[in-house]
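*Asks:* Provided herewith: input-v8.cif, mmCIF, C-alpha atoms.
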data_structure
loop_
_atom_site.group_PDB
_atom_site.id
_atom_site.type_symbol
_atom_site.label_atom_id
_atom_site.label_comp_id
_atom_site.auth_asym_id
_atom_site.auth_seq_id
_atom_site.Cartn_x
_atom_site.Cartn_y
_atom_site.Cartn_z
ATOM 1 C CA MET S 14 -31.930 -5.575 -36.132
ATOM 2 C CA GLN S 15 -33.935 -6.954 -33.232
ATOM 3 C CA ASP S 16 -35.868 -4.722 -30.926
ATOM 4 C CA ILE S 17 -33.895 -3.889 -27.767
ATOM 5 C CA GLY S 18 -37.002 -4.732 -25.741
ATOM 6 C CA ASN S 19 -36.395 -8.405 -26.517
ATOM 7 C CA ILE S 20 -33.614 -8.370 -23.942
ATOM 8 C CA LEU S 21 -36.288 -8.658 -21.270
ATOM 9 C CA ASP S 22 -37.371 -11.945 -22.880
ATOM 10 C CA ASN S 23 -33.923 -13.480 -22.370
ATOM 11 C CA ARG S 24 -34.511 -15.731 -19.358
ATOM 12 C CA VAL S 25 -30.879 -16.853 -19.164
ATOM 13 C CA LEU S 26 -29.654 -13.261 -18.920
ATOM 14 C CA LEU S 27 -32.313 -12.272 -16.385
ATOM 15 C CA VAL S 28 -31.578 -15.273 -14.151
ATOM 16 C CA ALA S 29 -27.836 -14.527 -14.289
ATOM 17 C CA LEU S 30 -28.485 -10.914 -13.283
ATOM 18 C CA VAL S 31 -30.750 -12.071 -10.443
ATOM 19 C CA ALA S 32 -27.974 -14.406 -9.233
ATOM 20 C CA CYS S 33 -25.561 -11.465 -9.237
ATOM 21 C CA LEU S 34 -28.015 -9.272 -7.318
ATOM 22 C CA ILE S 35 -28.656 -12.013 -4.762
ATOM 23 C CA ALA S 36 -24.902 -12.444 -4.229
ATOM 24 C CA GLN S 37 -24.468 -8.683 -3.733
ATOM 25 C CA THR S 38 -27.406 -8.630 -1.294
ATOM 26 C CA LEU S 39 -25.932 -11.567 0.629
ATOM 27 C CA LYS S 40 -22.735 -9.535 1.041
ATOM 28 C CA LEU S 41 -24.791 -6.890 2.839
ATOM 29 C CA PHE S 42 -26.226 -9.435 5.299
ATOM 30 C CA ILE S 43 -22.864 -11.137 5.826
ATOM 31 C CA GLU S 44 -21.274 -7.743 6.519
ATOM 32 C CA LEU S 45 -24.093 -6.934 8.949
ATOM 33 C CA ILE S 46 -23.633 -10.212 10.842
ATOM 34 C CA LYS S 47 -19.833 -10.038 10.765
ATOM 35 C CA ASN S 48 -19.364 -6.387 11.822
ATOM 36 C CA ARG S 49 -22.738 -5.706 13.439
ATOM 37 C CA LYS S 50 -23.304 -2.594 11.358
ATOM 38 C CA LEU S 51 -25.075 -1.826 8.107
ATOM 39 C CA ASN S 52 -22.601 -0.976 5.349
ATOM 40 C CA VAL S 53 -24.492 -0.416 2.090
ATOM 41 C CA ARG S 54 -21.205 0.238 0.306
ATOM 42 C CA VAL S 55 -20.733 -3.518 -0.049
ATOM 43 C CA LEU S 56 -23.581 -3.493 -2.576
ATOM 44 C CA VAL S 57 -21.412 -1.654 -5.108
ATOM 45 C CA THR S 58 -17.872 -2.727 -4.260
ATOM 46 C CA THR S 59 -15.744 -5.604 -5.516
ATOM 47 C CA GLY S 60 -14.547 -8.458 -3.355
ATOM 48 C CA GLY S 61 -16.268 -10.090 -0.423
ATOM 49 C CA MET S 62 -18.368 -13.171 0.218
ATOM 50 C CA PRO S 63 -19.840 -14.544 -2.005
ATOM 51 C CA SER S 64 -18.334 -13.550 -5.334
ATOM 52 C CA ALA S 65 -21.056 -11.867 -7.386
ATOM 53 C CA HIS S 66 -18.863 -12.212 -10.483
ATOM 54 C CA SER S 67 -18.767 -15.973 -10.007
ATOM 55 C CA ALA S 68 -22.500 -16.162 -9.338
ATOM 56 C CA LEU S 69 -23.206 -14.188 -12.523
ATOM 57 C CA VAL S 70 -20.999 -16.184 -14.886
ATOM 58 C CA THR S 71 -21.805 -19.641 -13.512
ATOM 59 C CA SER S 72 -25.521 -18.896 -13.621
ATOM 60 C CA LEU S 73 -25.061 -17.706 -17.195
ATOM 61 C CA ALA S 74 -23.134 -20.849 -18.182
ATOM 62 C CA ALA S 75 -25.630 -23.138 -16.446
ATOM 63 C CA GLY S 76 -28.535 -21.348 -18.116
ATOM 64 C CA VAL S 77 -26.914 -21.695 -21.533
ATOM 65 C CA GLY S 78 -26.301 -25.393 -20.874
ATOM 66 C CA GLN S 79 -29.899 -25.942 -19.749
ATOM 67 C CA THR S 80 -31.323 -24.009 -22.691
ATOM 68 C CA LEU S 81 -29.084 -24.923 -25.628
ATOM 69 C CA GLY S 82 -27.588 -28.188 -24.417
ATOM 70 C CA TRP S 83 -24.543 -29.198 -22.450
ATOM 71 C CA ALA S 84 -22.685 -30.194 -25.629
ATOM 72 C CA SER S 85 -23.392 -26.937 -27.474
ATOM 73 C CA PRO S 86 -20.593 -24.578 -28.528
ATOM 74 C CA ASP S 87 -22.502 -21.807 -26.730
ATOM 75 C CA PHE S 88 -22.189 -23.673 -23.416
ATOM 76 C CA ALA S 89 -18.483 -24.236 -24.067
ATOM 77 C CA LEU S 90 -18.018 -20.520 -24.724
ATOM 78 C CA ALA S 91 -19.950 -19.516 -21.599
ATOM 79 C CA THR S 92 -17.981 -22.014 -19.493
ATOM 80 C CA VAL S 93 -14.591 -20.804 -20.726
ATOM 81 C CA PHE S 94 -15.741 -17.219 -20.095
ATOM 82 C CA ALA S 95 -16.797 -18.202 -16.553
ATOM 83 C CA ILE S 96 -13.455 -19.883 -15.853
ATOM 84 C CA ILE S 97 -11.530 -16.807 -17.018
ATOM 85 C CA VAL S 98 -13.656 -14.449 -14.898
ATOM 86 C CA MET S 99 -13.326 -16.641 -11.797
ATOM 87 C CA TYR S 100 -9.582 -17.090 -12.301
ATOM 88 C CA ASP S 101 -9.210 -13.342 -12.611
ATOM 89 C CA ALA S 102 -11.334 -12.709 -9.512
ATOM 90 C CA ALA S 103 -9.370 -15.153 -7.350
ATOM 91 C CA GLY S 104 -5.963 -14.740 -8.945
ATOM 92 C CA VAL S 105 -5.086 -11.496 -10.642
ATOM 93 C CA ARG S 106 -7.383 -9.154 -8.703
ATOM 94 C CA GLN S 107 -6.564 -10.865 -5.388
ATOM 95 C CA ALA S 108 -2.843 -10.349 -6.067
ATOM 96 C CA ALA S 109 -3.464 -6.702 -7.007
ATOM 97 C CA GLY S 110 -5.283 -6.243 -3.699
ATOM 98 C CA LYS S 111 -2.338 -7.693 -1.773
ATOM 99 C CA GLN S 112 0.041 -5.382 -3.619
ATOM 100 C CA ALA S 113 -2.192 -2.408 -2.797
ATOM 101 C CA LYS S 114 -2.108 -3.361 0.879
ATOM 102 C CA ILE S 115 1.702 -3.496 0.884
ATOM 103 C CA LEU S 116 1.964 -0.180 -0.982
ATOM 104 C CA ASN S 117 -0.442 1.432 1.486
ATOM 105 C CA GLN S 118 1.710 0.182 4.368
ATOM 106 C CA MET S 119 4.863 1.534 2.694
ATOM 107 C CA ILE S 120 3.251 4.926 2.143
ATOM 108 C CA ALA S 121 2.047 5.021 5.769
ATOM 109 C CA GLU S 122 5.587 4.303 6.981
ATOM 110 C CA LEU S 123 7.016 7.002 4.713
ATOM 111 C CA PHE S 124 4.507 9.524 6.073
ATOM 112 C CA ASP S 125 5.652 8.700 9.583
ATOM 113 C CA GLU S 126 9.076 9.931 8.480
ATOM 114 C CA LYS S 127 7.599 13.196 7.128
ATOM 115 C CA HIS S 128 8.122 12.476 3.428
ATOM 116 C CA GLU S 129 5.920 14.371 1.008
ATOM 117 C CA PHE S 130 3.782 11.939 -0.975
ATOM 118 C CA SER S 131 0.145 11.842 -1.936
ATOM 119 C CA GLN S 132 -1.922 10.396 0.892
ATOM 120 C CA ASP S 133 -4.374 8.653 -1.452
ATOM 121 C CA ARG S 134 -4.840 5.069 -0.401
ATOM 122 C CA LEU S 135 -5.166 2.255 -2.924
ATOM 123 C CA LYS S 136 -8.213 0.013 -2.803
ATOM 124 C CA GLU S 137 -7.158 -3.243 -1.170
ATOM 125 C CA LEU S 138 -10.272 -5.381 -1.520
ATOM 126 C CA LEU S 139 -10.204 -6.051 -5.258
ATOM 127 C CA GLY S 140 -10.442 -9.792 -5.611
ATOM 128 C CA HIS S 141 -11.804 -12.881 -3.942
ATOM 129 C CA THR S 142 -10.456 -15.805 -2.019
ATOM 130 C CA PRO S 143 -10.981 -19.220 -3.600
ATOM 131 C CA VAL S 144 -13.717 -19.936 -1.024
ATOM 132 C CA GLN S 145 -15.590 -16.761 -2.041
ATOM 133 C CA VAL S 146 -15.342 -17.762 -5.721
ATOM 134 C CA ILE S 147 -16.571 -21.295 -5.001
ATOM 135 C CA ALA S 148 -19.454 -19.955 -2.892
ATOM 136 C CA GLY S 149 -20.433 -17.550 -5.677
ATOM 137 C CA SER S 150 -20.250 -20.344 -8.247
ATOM 138 C CA ALA S 151 -22.408 -22.637 -6.139
ATOM 139 C CA LEU S 152 -24.910 -19.807 -5.657
ATOM 140 C CA GLY S 153 -25.033 -19.087 -9.401
ATOM 141 C CA ILE S 154 -25.598 -22.708 -10.354
ATOM 142 C CA THR S 155 -28.223 -23.107 -7.619
ATOM 143 C CA ILE S 156 -30.124 -19.994 -8.751
ATOM 144 C CA SER S 157 -30.066 -21.216 -12.349
ATOM 145 C CA LEU S 158 -31.334 -24.673 -11.375
ATOM 146 C CA LEU S 159 -34.050 -23.200 -9.138
ATOM 147 C CA ALA S 160 -35.176 -20.841 -11.905
ATOM 148 C CA ARG S 161 -35.353 -23.765 -14.332
ATOM 149 C CA SER S 162 -37.364 -25.826 -11.825
ATOM 150 C CA LEU S 163 -39.754 -22.947 -11.157
ATOM 151 C CA LEU S 164 -40.201 -22.397 -14.879
ATOM 152 C CA MET S 165 -40.999 -26.078 -15.425
ATOM 153 C CA VAL S 166 -43.514 -26.093 -12.555
ATOM 154 C CA SER S 167 -45.245 -22.924 -13.808
ATOM 155 C CA THR S 168 -45.650 -24.303 -17.369
ATOM 156 C CA GLN S 169 -47.304 -27.538 -16.215
#
Could I get this structure in the form of structure tokens?

*Replies:*
Amino acid sequence: MQDIGNILDNRVLLVALVACLIAQTLKLFIELIKNRKLNVRVLVTTGGMPSAHSALVTSLAAGVGQTLGWASPDFALATVFAIIVMYDAAGVRQAAGKQAKILNQMIAELFDEKHEFSQDRLKELLGHTPVQVIAGSALGITISLLARSLLMVSTQ
């Protein structure tokens, strides 16, 4: 069994995590520009621009391709994983968010008529728009390519 400390030597994993963190941080700045107020909640919530999920998985797939080869089974696996995650983010979770919005509206209307239901609201921002997924993917690939370039420059 390998030492758990070796995880810190995994450049592909570290770059993917950095891409995810950069995407989450960008959400904070975009929220600040868009609404003119600091909302640190966006750092830990799902949804928003850009998709951190997409940045993470595309950076991971690109890193695997750069490291092990674009024709490797590992790259194929990482790519299929990335496609599934991005499809889920833009498809399934986006649809769940729309359903939550409709249910919240229905509950609000029922409360106006003095029905007795729980007033808990469902989370509506669950998924991403296709543009948010594409932006996250582009960010992930860019971060992976930049990390590779920086690594090559530092070893010369």

*Asks:* Would you translate the PyMOL selection byres ((chain S and resi 96) around 12) into the concrete set of residues it matches in this file, as a PDB file with C-alpha atoms, in the coordinates of the input?

*Replies:*
ATOM      1  CA  HIS S  66     -18.863 -12.212 -10.483  1.00  0.00           C
ATOM      2  CA  SER S  67     -18.767 -15.973 -10.007  1.00  0.00           C
ATOM      3  CA  ALA S  68     -22.500 -16.162  -9.338  1.00  0.00           C
ATOM      4  CA  LEU S  69     -23.206 -14.188 -12.523  1.00  0.00           C
ATOM      5  CA  VAL S  70     -20.999 -16.184 -14.886  1.00  0.00           C
ATOM      6  CA  THR S  71     -21.805 -19.641 -13.512  1.00  0.00           C
ATOM      7  CA  LEU S  73     -25.061 -17.706 -17.195  1.00  0.00           C
ATOM      8  CA  ALA S  74     -23.134 -20.849 -18.182  1.00  0.00           C
ATOM      9  CA  ALA S  89     -18.483 -24.236 -24.067  1.00  0.00           C
ATOM     10  CA  LEU S  90     -18.018 -20.520 -24.724  1.00  0.00           C
ATOM     11  CA  ALA S  91     -19.950 -19.516 -21.599  1.00  0.00           C
ATOM     12  CA  THR S  92     -17.981 -22.014 -19.493  1.00  0.00           C
ATOM     13  CA  VAL S  93     -14.591 -20.804 -20.726  1.00  0.00           C
ATOM     14  CA  PHE S  94     -15.741 -17.219 -20.095  1.00  0.00           C
ATOM     15  CA  ALA S  95     -16.797 -18.202 -16.553  1.00  0.00           C
ATOM     16  CA  ILE S  97     -11.530 -16.807 -17.018  1.00  0.00           C
ATOM     17  CA  VAL S  98     -13.656 -14.449 -14.898  1.00  0.00           C
ATOM     18  CA  MET S  99     -13.326 -16.641 -11.797  1.00  0.00           C
ATOM     19  CA  TYR S 100      -9.582 -17.090 -12.301  1.00  0.00           C
ATOM     20  CA  ASP S 101      -9.210 -13.342 -12.611  1.00  0.00           C
ATOM     21  CA  ALA S 102     -11.334 -12.709  -9.512  1.00  0.00           C
ATOM     22  CA  ALA S 103      -9.370 -15.153  -7.350  1.00  0.00           C
ATOM     23  CA  GLY S 104      -5.963 -14.740  -8.945  1.00  0.00           C
ATOM     24  CA  VAL S 146     -15.342 -17.762  -5.721  1.00  0.00           C
ATOM     25  CA  ILE S 147     -16.571 -21.295  -5.001  1.00  0.00           C
ATOM     26  CA  SER S 150     -20.250 -20.344  -8.247  1.00  0.00           C
TER      27      SER S 150
END

*Asks:* Grab the CA of Gln37 (chain S) to CA of Asn52 (chain S) distance for me, in Å with one decimal place.

*Replies:* 12.1 Å

*Asks:* Selected by the PyMOL selection byres ((chain S and resi 39-50) around 12) in the shown coordinates: which residues, as a ChimeraX atom specification?

*Replies:* /S:32-38,51-65,68,145,148-149,152

*Asks:* Tell me, in Å to one decimal, how far CA of Lys111 (chain S) is from CA of Thr142 (chain S).

*Replies:*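 Between CA of Lys111 (chain S) and CA of Thr142 (chain S) the gap is 11.5 Å.
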
*Asks:* To one decimal place, how far is CA of Gln112 (chain S) from CA of Gly153 (chain S) in Å?

*Replies:*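 Here the two named atoms are 29.2 Å from each other.
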
*Asks:* Please determine an axis-aligned box that encloses all atoms of region 37-47 of chain S listed in the file, with 6 Å added on each side, and express its centre and edge lengths in Å to one decimal as JSON.

*Replies:*
{"center_x": -23.6, "center_y": -9.2, "center_z": 3.6, "size_x": 19.6, "size_y": 16.7, "size_z": 26.6}

*Asks:* Could you pull the residues within 12 Å of Asn23 (chain S), counting only C-alpha atoms, minus those fewer than 5 positions along the same chain, as number ranges by chain?

*Replies:* S: 17-18, 28-30, 73, 76-77, 80

*Asks:* Atoms to include: C-alpha atoms. Write the selected residues as a PDB file, in the coordinates of the input.

*Replies:*
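Contents of the output file part07.pdb:
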ATOM      1  CA  ILE S  17     -33.895  -3.889 -27.767  1.00  0.00           C
ATOM      2  CA  GLY S  18     -37.002  -4.732 -25.741  1.00  0.00           C
ATOM      3  CA  VAL S  28     -31.578 -15.273 -14.151  1.00  0.00           C
ATOM      4  CA  ALA S  29     -27.836 -14.527 -14.289  1.00  0.00           C
ATOM      5  CA  LEU S  30     -28.485 -10.914 -13.283  1.00  0.00           C
ATOM      6  CA  LEU S  73     -25.061 -17.706 -17.195  1.00  0.00           C
ATOM      7  CA  GLY S  76     -28.535 -21.348 -18.116  1.00  0.00           C
ATOM      8  CA  VAL S  77     -26.914 -21.695 -21.533  1.00  0.00           C
ATOM      9  CA  THR S  80     -31.323 -24.009 -22.691  1.00  0.00           C
TER      10      THR S  80
END

*Asks:* What would region 41-147 of chain S look like if you wrote it out as a PDB file, in the first residue's frame, with C-alpha atoms included, from the block I just posted?

*Replies:*
ATOM      1  CA  LEU S  41     -17.210  35.158  -6.259  1.00  0.00           C
ATOM      2  CA  PHE S  42     -15.886  37.934  -8.523  1.00  0.00           C
ATOM      3  CA  ILE S  43     -18.655  37.453 -11.087  1.00  0.00           C
ATOM      4  CA  GLU S  44     -21.246  37.645  -8.300  1.00  0.00           C
ATOM      5  CA  LEU S  45     -19.566  40.794  -6.973  1.00  0.00           C
ATOM      6  CA  ILE S  46     -19.621  42.472 -10.397  1.00  0.00           C
ATOM      7  CA  LYS S  47     -23.138  41.283 -11.225  1.00  0.00           C
ATOM      8  CA  ASN S  48     -24.874  42.151  -7.923  1.00  0.00           C
ATOM      9  CA  ARG S  49     -22.418  44.687  -6.508  1.00  0.00           C
ATOM     10  CA  LYS S  50     -22.167  42.860  -3.201  1.00  0.00           C
ATOM     11  CA  LEU S  51     -19.833  40.271  -1.737  1.00  0.00           C
ATOM     12  CA  ASN S  52     -21.561  36.907  -1.351  1.00  0.00           C
ATOM     13  CA  VAL S  53     -19.057  34.347  -0.055  1.00  0.00           C
ATOM     14  CA  ARG S  54     -21.753  31.675  -0.150  1.00  0.00           C
ATOM     15  CA  VAL S  55     -21.052  31.202  -3.856  1.00  0.00           C
ATOM     16  CA  LEU S  56     -17.727  29.623  -2.880  1.00  0.00           C
ATOM     17  CA  VAL S  57     -19.511  26.563  -1.482  1.00  0.00           C
ATOM     18  CA  THR S  58     -22.708  26.336  -3.514  1.00  0.00           C
ATOM     19  CA  THR S  59     -23.517  24.513  -6.740  1.00  0.00           C
ATOM     20  CA  GLY S  60     -24.441  26.231  -9.973  1.00  0.00           C
ATOM     21  CA  GLY S  61     -23.238  29.541 -11.321  1.00  0.00           C
ATOM     22  CA  MET S  62     -20.641  30.774 -13.780  1.00  0.00           C
ATOM     23  CA  PRO S  63     -18.282  29.083 -14.535  1.00  0.00           C
ATOM     24  CA  SER S  64     -18.999  25.457 -13.711  1.00  0.00           C
ATOM     25  CA  ALA S  65     -16.381  24.293 -11.211  1.00  0.00           C
ATOM     26  CA  HIS S  66     -17.426  20.689 -11.873  1.00  0.00           C
ATOM     27  CA  SER S  67     -16.613  21.120 -15.552  1.00  0.00           C
ATOM     28  CA  ALA S  68     -13.320  22.856 -14.803  1.00  0.00           C
ATOM     29  CA  LEU S  69     -12.315  20.016 -12.465  1.00  0.00           C
ATOM     30  CA  VAL S  70     -13.125  17.112 -14.777  1.00  0.00           C
ATOM     31  CA  THR S  71     -11.821  18.666 -17.998  1.00  0.00           C
ATOM     32  CA  SER S  72      -8.581  19.652 -16.293  1.00  0.00           C
ATOM     33  CA  LEU S  73      -8.321  16.099 -14.985  1.00  0.00           C
ATOM     34  CA  ALA S  74      -8.947  14.593 -18.435  1.00  0.00           C
ATOM     35  CA  ALA S  75      -6.514  16.988 -20.117  1.00  0.00           C
ATOM     36  CA  GLY S  76      -3.866  16.243 -17.497  1.00  0.00           C
ATOM     37  CA  VAL S  77      -4.294  12.501 -17.984  1.00  0.00           C
ATOM     38  CA  GLY S  78      -4.024  12.955 -21.754  1.00  0.00           C
ATOM     39  CA  GLN S  79      -0.886  15.088 -21.423  1.00  0.00           C
ATOM     40  CA  THR S  80       0.722  12.691 -18.954  1.00  0.00           C
ATOM     41  CA  LEU S  81      -0.254   9.228 -20.189  1.00  0.00           C
ATOM     42  CA  GLY S  82      -1.070   9.949 -23.819  1.00  0.00           C
ATOM     43  CA  TRP S  83      -4.146  10.936 -25.749  1.00  0.00           C
ATOM     44  CA  ALA S  84      -4.681   7.353 -26.943  1.00  0.00           C
ATOM     45  CA  SER S  85      -4.407   5.793 -23.478  1.00  0.00           C
ATOM     46  CA  PRO S  86      -7.330   3.962 -21.864  1.00  0.00           C
ATOM     47  CA  ASP S  87      -6.848   6.237 -18.840  1.00  0.00           C
ATOM     48  CA  PHE S  88      -7.558   9.315 -20.981  1.00  0.00           C
ATOM     49  CA  ALA S  89     -10.624   7.606 -22.448  1.00  0.00           C
ATOM     50  CA  LEU S  90     -11.889   6.837 -18.946  1.00  0.00           C
ATOM     51  CA  ALA S  91     -11.274  10.391 -17.720  1.00  0.00           C
ATOM     52  CA  THR S  92     -12.990  11.828 -20.810  1.00  0.00           C
ATOM     53  CA  VAL S  93     -16.090   9.653 -20.441  1.00  0.00           C
ATOM     54  CA  PHE S  94     -16.199  10.590 -16.742  1.00  0.00           C
ATOM     55  CA  ALA S  95     -15.959  14.287 -17.692  1.00  0.00           C
ATOM     56  CA  ILE S  96     -18.765  13.977 -20.244  1.00  0.00           C
ATOM     57  CA  ILE S  97     -21.051  12.294 -17.702  1.00  0.00           C
ATOM     58  CA  VAL S  98     -20.346  14.942 -15.044  1.00  0.00           C
ATOM     59  CA  MET S  99     -20.923  17.812 -17.486  1.00  0.00           C
ATOM     60  CA  TYR S 100     -24.097  16.231 -18.865  1.00  0.00           C
ATOM     61  CA  ASP S 101     -25.383  15.821 -15.335  1.00  0.00           C
ATOM     62  CA  ALA S 102     -24.481  19.407 -14.414  1.00  0.00           C
ATOM     63  CA  ALA S 103     -26.224  20.899 -17.454  1.00  0.00           C
ATOM     64  CA  GLY S 104     -29.018  18.373 -17.828  1.00  0.00           C
ATOM     65  CA  VAL S 105     -30.238  16.490 -14.805  1.00  0.00           C
ATOM     66  CA  ARG S 106     -29.320  19.016 -12.103  1.00  0.00           C
ATOM     67  CA  GLN S 107     -30.538  21.946 -14.228  1.00  0.00           C
ATOM     68  CA  ALA S 108     -33.908  20.204 -14.659  1.00  0.00           C
ATOM     69  CA  ALA S 109     -34.075  19.483 -10.914  1.00  0.00           C
ATOM     70  CA  GLY S 110     -33.466  23.179 -10.258  1.00  0.00           C
ATOM     71  CA  LYS S 111     -36.316  24.157 -12.582  1.00  0.00           C
ATOM     72  CA  GLN S 112     -38.617  21.691 -10.840  1.00  0.00           C
ATOM     73  CA  ALA S 113     -37.617  23.130  -7.459  1.00  0.00           C
ATOM     74  CA  LYS S 114     -38.470  26.620  -8.691  1.00  0.00           C
ATOM     75  CA  ILE S 115     -41.936  25.506  -9.825  1.00  0.00           C
ATOM     76  CA  LEU S 116     -42.562  23.641  -6.557  1.00  0.00           C
ATOM     77  CA  ASN S 117     -41.493  26.705  -4.570  1.00  0.00           C
ATOM     78  CA  GLN S 118     -43.940  28.830  -6.570  1.00  0.00           C
ATOM     79  CA  MET S 119     -46.737  26.302  -5.967  1.00  0.00           C
ATOM     80  CA  ILE S 120     -46.034  26.245  -2.238  1.00  0.00           C
ATOM     81  CA  ALA S 121     -45.979  30.065  -2.118  1.00  0.00           C
ATOM     82  CA  GLU S 122     -49.376  30.184  -3.838  1.00  0.00           C
ATOM     83  CA  LEU S 123     -50.792  27.594  -1.440  1.00  0.00           C
ATOM     84  CA  PHE S 124     -49.565  29.627   1.537  1.00  0.00           C
ATOM     85  CA  ASP S 125     -51.383  32.648   0.163  1.00  0.00           C
ATOM     86  CA  GLU S 126     -54.557  30.586   0.532  1.00  0.00           C
ATOM     87  CA  LYS S 127     -53.716  29.724   4.168  1.00  0.00           C
ATOM     88  CA  HIS S 128     -52.953  26.034   3.634  1.00  0.00           C
ATOM     89  CA  GLU S 129     -50.768  24.366   6.228  1.00  0.00           C
ATOM     90  CA  PHE S 130     -47.573  23.101   4.613  1.00  0.00           C
ATOM     91  CA  SER S 131     -43.934  23.250   5.556  1.00  0.00           C
ATOM     92  CA  GLN S 132     -42.435  26.562   4.484  1.00  0.00           C
ATOM     93  CA  ASP S 133     -39.039  25.043   3.643  1.00  0.00           C
ATOM     94  CA  ARG S 134     -37.921  26.189   0.237  1.00  0.00           C
ATOM     95  CA  LEU S 135     -36.133  23.876  -2.182  1.00  0.00           C
ATOM     96  CA  LYS S 136     -32.750  24.889  -3.543  1.00  0.00           C
ATOM     97  CA  GLU S 137     -33.283  26.144  -7.082  1.00  0.00           C
ATOM     98  CA  LEU S 138     -29.735  26.727  -8.288  1.00  0.00           C
ATOM     99  CA  LEU S 139     -28.556  23.134  -8.651  1.00  0.00           C
ATOM    100  CA  GLY S 140     -27.208  22.871 -12.157  1.00  0.00           C
ATOM    101  CA  HIS S 141     -25.576  24.869 -14.901  1.00  0.00           C
ATOM    102  CA  THR S 142     -26.553  26.315 -18.220  1.00  0.00           C
ATOM    103  CA  PRO S 143     -24.683  24.962 -21.238  1.00  0.00           C
ATOM    104  CA  VAL S 144     -22.699  28.228 -21.411  1.00  0.00           C
ATOM    105  CA  GLN S 145     -21.567  27.803 -17.784  1.00  0.00           C
ATOM    106  CA  VAL S 146     -20.478  24.213 -18.517  1.00  0.00           C
ATOM    107  CA  ILE S 147     -18.579  25.266 -21.648  1.00  0.00           C
TER     108      ILE S 147
END
